[in-house]
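Visitor: One structure, as structure tokens, below. Some questions next.
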Amino acid sequence: MPASDLTQALGEQVRAAFETATPLRPQGGASKQFLGRAVQAQVLSCAGHRGITSYQPSELVVSARSGTPLAEVEDTLAASGQMLPFEPPHFGAGATVGGTIACGLSGPRRPYAGAARDFVLGVRLINGRGEVLRFGGEVMKNVAGFDVSRLMTGSMGTLAVLLEVSMKVLPRPQVEATLAFEHTPAQAVRLFNDWAGQPLPLSAACHLQGRSYVRLSGSTPGVGSAAAHLGGERVPAHEVPWTDLREQRLAPLHGGLPLWRLSVPATTPPLALPGECVIDWGGALRWLRSDVDPGAVCSVVAASGGHATLFRGADAGAEVFHPLPPALLRLHQRIKSAFDPRGILNPGAMYADI
């Protein structure tokens, strides 16, 4: 599909919805529509608003309209030996740039390279009044005052409709190698943190079904030296788990039970919660497949200094994100009101009161 700029048409639809207080649900490829709370709203399709608007490999920045397929951006970067460093999940062939940033998800490389929001330089958007605004730019030093560009990352379309995103990119590593070890979950957490404190070219670390996996990325000499230092078993390229982990295609991550996303300090020991658990992000992210009471999950995770999200399998209308303290909830509500005064954009997608 050719590039197409639908800014005017999208703006008119939002302005009309503002006048009539009609709820809208911005949507690109619908690959992540399972995230968050169920929303009763008219779909505002951004899928046709697409195209890479700027890319100079020497500048390490790519800009693309929100409906641009994520795969198209990644293929373009790969042709120049570059990549999106936060390794975003697709969750389907329809994944778009706008949905990727609106959901703010990052893959296994996140603790070693940075999160999605760390690489967002600027955005064009339509606020809840139907106004087209631009924030940030295409250089790292272009941020002044409140960083609205990064605020949009992970906002789930509740603040604005993304039109265009500018992102910093990085060169792809020269080589990568994955090592496997036989560990208990507790051993894996301890070793992941020990290794993170050493000068090793780590780019991913996970534990699942009794085995730890570590990915090394960098120069041929650097990766070779690190692999010799760590030992373990070299994993053949066709057996490395990183893409299946990122896309949640591994057996422990799908089934009939709800899937929880637990963000905790990386050094947190295995949590006292029933169910099957996959450790990601070098210990900082735990995927738990369990039917345990949601209140119990949030309580255990909060005691560790973390927060929990019911990622898949929530009942309709249920809260899926970790409860907010009253002061923080009021701050969220004020921000929502500033961008979307009539509350028409994805109302209730994150919390019932936002």
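Labeling convention for the structure tokens: chains A, B, ... as they appear, residues from 1 per chain, ligands from 1 in order of appearance.
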Counting only C-alpha atoms, what is within 12 Å of region 298-302 of chain A, bar same-chain residues fewer than 3 positions away, as a compact mmCIF listing (two decimals) with N, CA and C atoms, in the first residue's frame?
Guide:
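Everything below was put into out.txt:
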```
# COMPACT_ATOMS: atom_id res chain seq x y z
N TRP A 260 -0.18 -12.75 33.44
CA TRP A 260 0.19 -11.54 34.17
C TRP A 260 1.58 -11.07 33.74
N ARG A 261 1.72 -9.76 33.64
CA ARG A 261 3.01 -9.13 33.38
C ARG A 261 3.44 -8.44 34.67
N LEU A 262 4.50 -8.94 35.29
CA LEU A 262 4.93 -8.47 36.60
C LEU A 262 6.27 -7.75 36.47
N SER A 263 6.27 -6.47 36.70
CA SER A 263 7.49 -5.67 36.65
C SER A 263 8.01 -5.50 38.07
N VAL A 264 9.22 -5.99 38.32
CA VAL A 264 9.79 -5.99 39.67
C VAL A 264 11.26 -5.59 39.60
N PRO A 265 11.87 -5.22 40.73
CA PRO A 265 13.32 -5.01 40.74
C PRO A 265 14.03 -6.27 40.25
N THR A 268 14.79 -9.30 42.54
CA THR A 268 13.71 -9.93 43.29
C THR A 268 13.77 -11.46 43.16
N PRO A 269 13.79 -12.19 44.28
CA PRO A 269 13.76 -13.66 44.19
C PRO A 269 12.45 -14.13 43.56
N PRO A 270 12.37 -15.41 43.20
CA PRO A 270 11.11 -15.93 42.66
C PRO A 270 9.94 -15.61 43.57
N LEU A 271 8.84 -15.14 42.99
CA LEU A 271 7.68 -14.70 43.76
C LEU A 271 6.85 -15.88 44.25
N ALA A 272 6.28 -15.72 45.43
CA ALA A 272 5.48 -16.78 46.04
C ALA A 272 4.06 -16.75 45.47
N LEU A 273 3.95 -17.07 44.19
CA LEU A 273 2.66 -17.09 43.52
C LEU A 273 2.54 -18.40 42.73
N PRO A 274 1.39 -19.05 42.80
CA PRO A 274 1.22 -20.30 42.05
C PRO A 274 1.11 -20.03 40.55
N ALA A 284 13.96 -8.59 35.69
CA ALA A 284 13.08 -7.45 35.98
C ALA A 284 11.66 -7.62 35.49
N LEU A 285 11.40 -8.64 34.68
CA LEU A 285 10.05 -8.87 34.15
C LEU A 285 9.72 -10.34 34.34
N ARG A 286 8.57 -10.60 34.95
CA ARG A 286 8.11 -11.97 35.16
C ARG A 286 6.76 -12.14 34.46
N LEU A 288 3.62 -14.48 34.35
CA LEU A 288 2.99 -15.50 35.19
C LEU A 288 1.67 -15.93 34.59
N VAL A 292 -4.69 -17.25 39.97
CA VAL A 292 -4.71 -16.74 41.33
C VAL A 292 -5.49 -15.43 41.40
N ASP A 293 -6.06 -15.12 42.56
CA ASP A 293 -6.85 -13.92 42.75
C ASP A 293 -6.05 -12.67 42.38
N PRO A 294 -6.60 -11.77 41.57
CA PRO A 294 -5.87 -10.56 41.16
C PRO A 294 -5.36 -9.73 42.33
N GLY A 295 -6.16 -9.64 43.38
CA GLY A 295 -5.72 -8.88 44.54
C GLY A 295 -4.48 -9.46 45.17
N GLY A 305 8.12 -4.20 45.58
CA GLY A 305 8.47 -2.92 44.99
C GLY A 305 8.13 -2.82 43.52
N GLY A 306 7.24 -3.70 43.05
CA GLY A 306 6.89 -3.71 41.63
C GLY A 306 5.43 -3.43 41.39
N HIS A 307 4.97 -3.69 40.15
CA HIS A 307 3.57 -3.53 39.80
C HIS A 307 3.16 -4.61 38.81
N ALA A 308 1.86 -4.90 38.80
CA ALA A 308 1.34 -6.01 38.00
C ALA A 308 0.33 -5.52 36.98
N THR A 309 0.32 -6.19 35.81
CA THR A 309 -0.66 -5.93 34.76
C THR A 309 -1.26 -7.24 34.31
N LEU A 310 -2.58 -7.32 34.29
CA LEU A 310 -3.25 -8.49 33.75
C LEU A 310 -3.21 -8.36 32.23
N GLU A 319 -10.48 -4.28 36.07
CA GLU A 319 -9.26 -3.48 36.05
C GLU A 319 -8.09 -4.40 35.71
N VAL A 320 -7.20 -3.94 34.86
CA VAL A 320 -6.08 -4.78 34.43
C VAL A 320 -4.73 -4.23 34.85
N PHE A 321 -4.66 -2.92 35.12
CA PHE A 321 -3.40 -2.32 35.54
C PHE A 321 -3.35 -2.20 37.06
N HIS A 322 -2.14 -2.14 37.58
CA HIS A 322 -1.92 -2.06 39.02
C HIS A 322 -2.65 -0.83 39.57
N PRO A 323 -3.36 -0.97 40.69
CA PRO A 323 -4.09 0.17 41.26
C PRO A 323 -3.17 1.37 41.52
N LEU A 324 -3.68 2.56 41.23
CA LEU A 324 -2.91 3.79 41.45
C LEU A 324 -3.23 4.38 42.82
N PRO A 325 -2.21 4.90 43.53
CA PRO A 325 -2.50 5.66 44.76
C PRO A 325 -3.36 6.87 44.40
```
Visitor: Tell me which protein, DNA and RNA residues are within 6 Å of Val165 (chain A), counting only C-alpha atoms, leaving out same-chain ones fewer than 2 positions away, and put them as a PyMOL selection string.
Guide: chain A and resi 63-64+122-123
Visitor: Could the residues in this selection be written to a file with N, CA and C atoms, as a PDB file, in the first residue's frame?
Guide:
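So selection06.pdb came out as:
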```pdb
ATOM      1  N   SER A  63      11.540   8.598  10.904  1.00  0.00           N
ATOM      2  CA  SER A  63      10.226   9.166  11.194  1.00  0.00           C
ATOM      3  C   SER A  63       9.212   8.472  10.295  1.00  0.00           C
ATOM      4  N   ALA A  64       8.076   8.095  10.885  1.00  0.00           N
ATOM      5  CA  ALA A  64       7.055   7.385  10.115  1.00  0.00           C
ATOM      6  C   ALA A  64       5.671   7.746  10.627  1.00  0.00           C
ATOM      7  N   GLY A 122      10.274  12.605  18.936  1.00  0.00           N
ATOM      8  CA  GLY A 122       9.241  13.594  18.659  1.00  0.00           C
ATOM      9  C   GLY A 122       7.986  12.928  18.136  1.00  0.00           C
ATOM     10  N   VAL A 123       6.855  13.627  18.259  1.00  0.00           N
ATOM     11  CA  VAL A 123       5.584  13.109  17.750  1.00  0.00           C
ATOM     12  C   VAL A 123       4.757  14.244  17.160  1.00  0.00           C
TER      13      VAL A 123
END
```
Visitor: Write out as a tab-separated table a residue-level contact list of region 261-282 of chain A versus region 96-114 of chain A with cut-off 9 Å: for each qualifying residue the closest pair of atoms and the distance in Å to one decimal, counting only C-alpha atoms, rows sorted by chain and residue number upward.
Guide:
```
residue	atom	partner	partner_atom	distance
A:Asp280	CA	A:Pro108	CA	6.7
A:Trp281	CA	A:Pro108	CA	5.7
A:Gly282	CA	A:Pro111	CA	7.3
```
Visitor: Please list as a CSV table (one decimal) with N, CA and C atoms, in the first residue's frame every residue within 12 Å of Ser155 (chain A), counting only C-alpha atoms and excluding residues in the same chain fewer than 6 positions away.
Guide:
```csv
chain,number,residue,atom,x,y,z
A,26,PRO,N,-8.8,4.9,18.8
A,26,PRO,CA,-7.8,4.9,17.7
A,26,PRO,C,-7.3,3.5,17.5
A,35,LEU,N,-5.0,-5.6,24.8
A,35,LEU,CA,-4.4,-4.9,25.9
A,35,LEU,C,-5.4,-4.0,26.6
A,36,GLY,N,-5.3,-3.8,27.9
A,36,GLY,CA,-6.1,-2.9,28.6
A,36,GLY,C,-7.5,-3.3,28.8
A,98,GLY,N,2.3,3.5,15.2
A,98,GLY,CA,1.5,4.2,16.2
A,98,GLY,C,1.1,3.3,17.4
A,99,GLY,N,0.6,2.0,17.0
A,99,GLY,CA,0.3,1.1,18.1
A,99,GLY,C,1.4,0.7,19.0
A,100,THR,N,2.6,0.5,18.3
A,100,THR,CA,3.8,0.2,19.1
A,100,THR,C,4.1,1.2,20.1
A,101,ILE,N,4.1,2.5,19.7
A,101,ILE,CA,4.5,3.5,20.7
A,101,ILE,C,3.3,3.8,21.7
A,102,ALA,N,2.1,3.7,21.2
A,102,ALA,CA,0.9,3.9,22.1
A,102,ALA,C,0.9,2.9,23.2
A,103,CYS,N,1.3,1.6,22.9
A,103,CYS,CA,1.3,0.6,23.9
A,103,CYS,C,2.6,0.6,24.7
A,104,GLY,N,3.7,1.1,24.2
A,104,GLY,CA,4.9,1.3,24.9
A,104,GLY,C,5.6,0.0,25.3
A,105,LEU,N,5.5,-1.0,24.5
A,105,LEU,CA,6.0,-2.3,24.9
A,105,LEU,C,7.4,-2.5,24.3
A,117,ARG,N,10.2,4.3,25.2
A,117,ARG,CA,10.1,5.8,25.4
A,117,ARG,C,11.5,6.4,25.4
A,148,VAL,N,6.4,15.8,26.3
A,148,VAL,CA,5.2,15.2,25.8
A,148,VAL,C,5.4,14.0,24.9
A,149,SER,N,6.4,14.0,24.1
A,149,SER,CA,6.7,12.9,23.2
A,149,SER,C,6.8,11.6,23.9
A,161,VAL,N,-4.3,11.1,19.4
A,161,VAL,CA,-4.2,10.2,18.3
A,161,VAL,C,-2.8,10.5,17.7
A,162,LEU,N,-2.0,9.5,17.7
A,162,LEU,CA,-0.6,9.7,17.1
A,162,LEU,C,-0.7,9.8,15.6
A,332,HIS,N,-3.0,11.6,36.9
A,332,HIS,CA,-3.4,11.1,35.6
A,332,HIS,C,-4.6,11.7,35.1
A,335,ILE,N,-3.9,15.2,33.7
A,335,ILE,CA,-3.2,15.1,32.4
A,335,ILE,C,-4.2,14.7,31.3
A,336,LYS,N,-5.0,13.7,31.6
A,336,LYS,CA,-6.1,13.3,30.6
A,336,LYS,C,-7.0,14.5,30.3
A,339,PHE,N,-5.3,17.1,27.8
A,339,PHE,CA,-5.2,16.6,26.4
A,339,PHE,C,-6.5,16.3,25.8
A,345,LEU,N,-11.3,10.0,24.0
A,345,LEU,CA,-10.2,9.2,23.4
A,345,LEU,C,-10.0,7.9,24.3
A,346,ASN,N,-10.4,6.8,23.8
A,346,ASN,CA,-10.2,5.5,24.5
A,346,ASN,C,-10.6,5.6,26.0
A,347,PRO,N,-11.8,6.1,26.3
A,347,PRO,CA,-12.2,6.3,27.7
A,347,PRO,C,-12.2,5.0,28.5
A,348,GLY,N,-11.5,4.9,29.6
A,348,GLY,CA,-11.5,3.7,30.4
A,348,GLY,C,-10.6,2.6,29.9
A,349,ALA,N,-9.7,2.9,28.9
A,349,ALA,CA,-8.8,1.8,28.4
A,349,ALA,C,-7.8,1.4,29.4
A,350,MET,N,-7.4,2.4,30.3
A,350,MET,CA,-6.4,2.1,31.3
A,350,MET,C,-7.0,1.9,32.7
A,351,TYR,N,-7.8,2.8,33.1
A,351,TYR,CA,-8.5,2.7,34.3
A,351,TYR,C,-9.9,3.2,34.1
A,354,ILE,N,-10.4,7.1,34.2
A,354,ILE,CA,-9.5,7.9,33.3
A,354,ILE,C,-10.0,7.7,31.9
```
Visitor: Enumerate, as a PyMOL selection string, the complete set of residues in region 18-119 of chain A that a backbone-based DSSP assignment places in alpha helix (DSSP H).
Guide: chain A and resi 18-20+70-79+97-103+110-113
Visitor: Step one, run DSSP on the backbone; step two, keep only residues of region 305-339 of chain A assigned to strand (DSSP E); then write them as a PyMOL selection string.
Guide: chain A and resi 307-312
Visitor: For the selection you just gave me, I'd like the residues written to a file as a compact mmCIF listing (two decimals), in the first residue's frame, keeping N, CA and C atoms.
Guide:
```txt
# COMPACT_ATOMS: atom_id res chain seq x y z
N HIS A 307 4.97 -3.69 40.15
CA HIS A 307 3.57 -3.53 39.80
C HIS A 307 3.16 -4.61 38.81
N ALA A 308 1.86 -4.90 38.80
CA ALA A 308 1.34 -6.01 38.00
C ALA A 308 0.33 -5.52 36.98
N THR A 309 0.32 -6.19 35.81
CA THR A 309 -0.66 -5.93 34.76
C THR A 309 -1.26 -7.24 34.31
N LEU A 310 -2.58 -7.32 34.29
CA LEU A 310 -3.25 -8.49 33.75
C LEU A 310 -3.21 -8.36 32.23
N PHE A 311 -2.23 -9.00 31.62
CA PHE A 311 -1.89 -8.76 30.22
C PHE A 311 -2.88 -9.40 29.25
N ARG A 312 -3.26 -10.63 29.53
CA ARG A 312 -4.23 -11.34 28.69
C ARG A 312 -5.20 -12.11 29.59
```
Visitor: Which residues come within 7 Å of Phe192 (chain A), counting only C-alpha atoms, excluding same-chain residues fewer than 3 positions away, as a PyMOL selection string?
Guide: chain A and resi 188-189+195-196+205+282-283
Visitor: Point out the residue among A:Val73, A:Ala160, A:Ala186, A:Ala93 with the least atom-to-atom distance to Lys32 (chain A), counting only C-alpha atoms.
Guide: A:Ala93
Visitor: Extract, using only C-alpha atoms, all DNA, RNA and protein residues at most 6 Å from region 217-231 of chain A, discarding same-chain residues fewer than 2 positions from it, and format them as a short mmCIF file (atom, residue, chain, number, x, y, z; two decimals) with N, CA and C atoms, in the first residue's frame.
Guide:
```
data_model
loop_
_atom_site.label_atom_id
_atom_site.label_comp_id
_atom_site.auth_asym_id
_atom_site.auth_seq_id
_atom_site.Cartn_x
_atom_site.Cartn_y
_atom_site.Cartn_z
N PRO A 173 24.12 -5.22 15.74
CA PRO A 173 25.40 -5.79 16.18
C PRO A 173 26.04 -6.63 15.09
N GLN A 174 27.35 -6.69 15.12
CA GLN A 174 28.09 -7.46 14.12
C GLN A 174 27.74 -8.94 14.20
N VAL A 175 27.70 -9.47 15.40
CA VAL A 175 27.37 -10.89 15.61
C VAL A 175 26.53 -11.02 16.88
N GLU A 176 25.82 -12.13 16.98
CA GLU A 176 25.09 -12.47 18.20
C GLU A 176 25.26 -13.95 18.49
N PRO A 201 28.83 -8.10 26.82
CA PRO A 201 27.90 -7.54 25.81
C PRO A 201 26.53 -8.21 25.86
N SER A 203 22.60 -8.73 25.77
CA SER A 203 21.48 -8.06 25.09
C SER A 203 20.15 -8.75 25.39
#
```
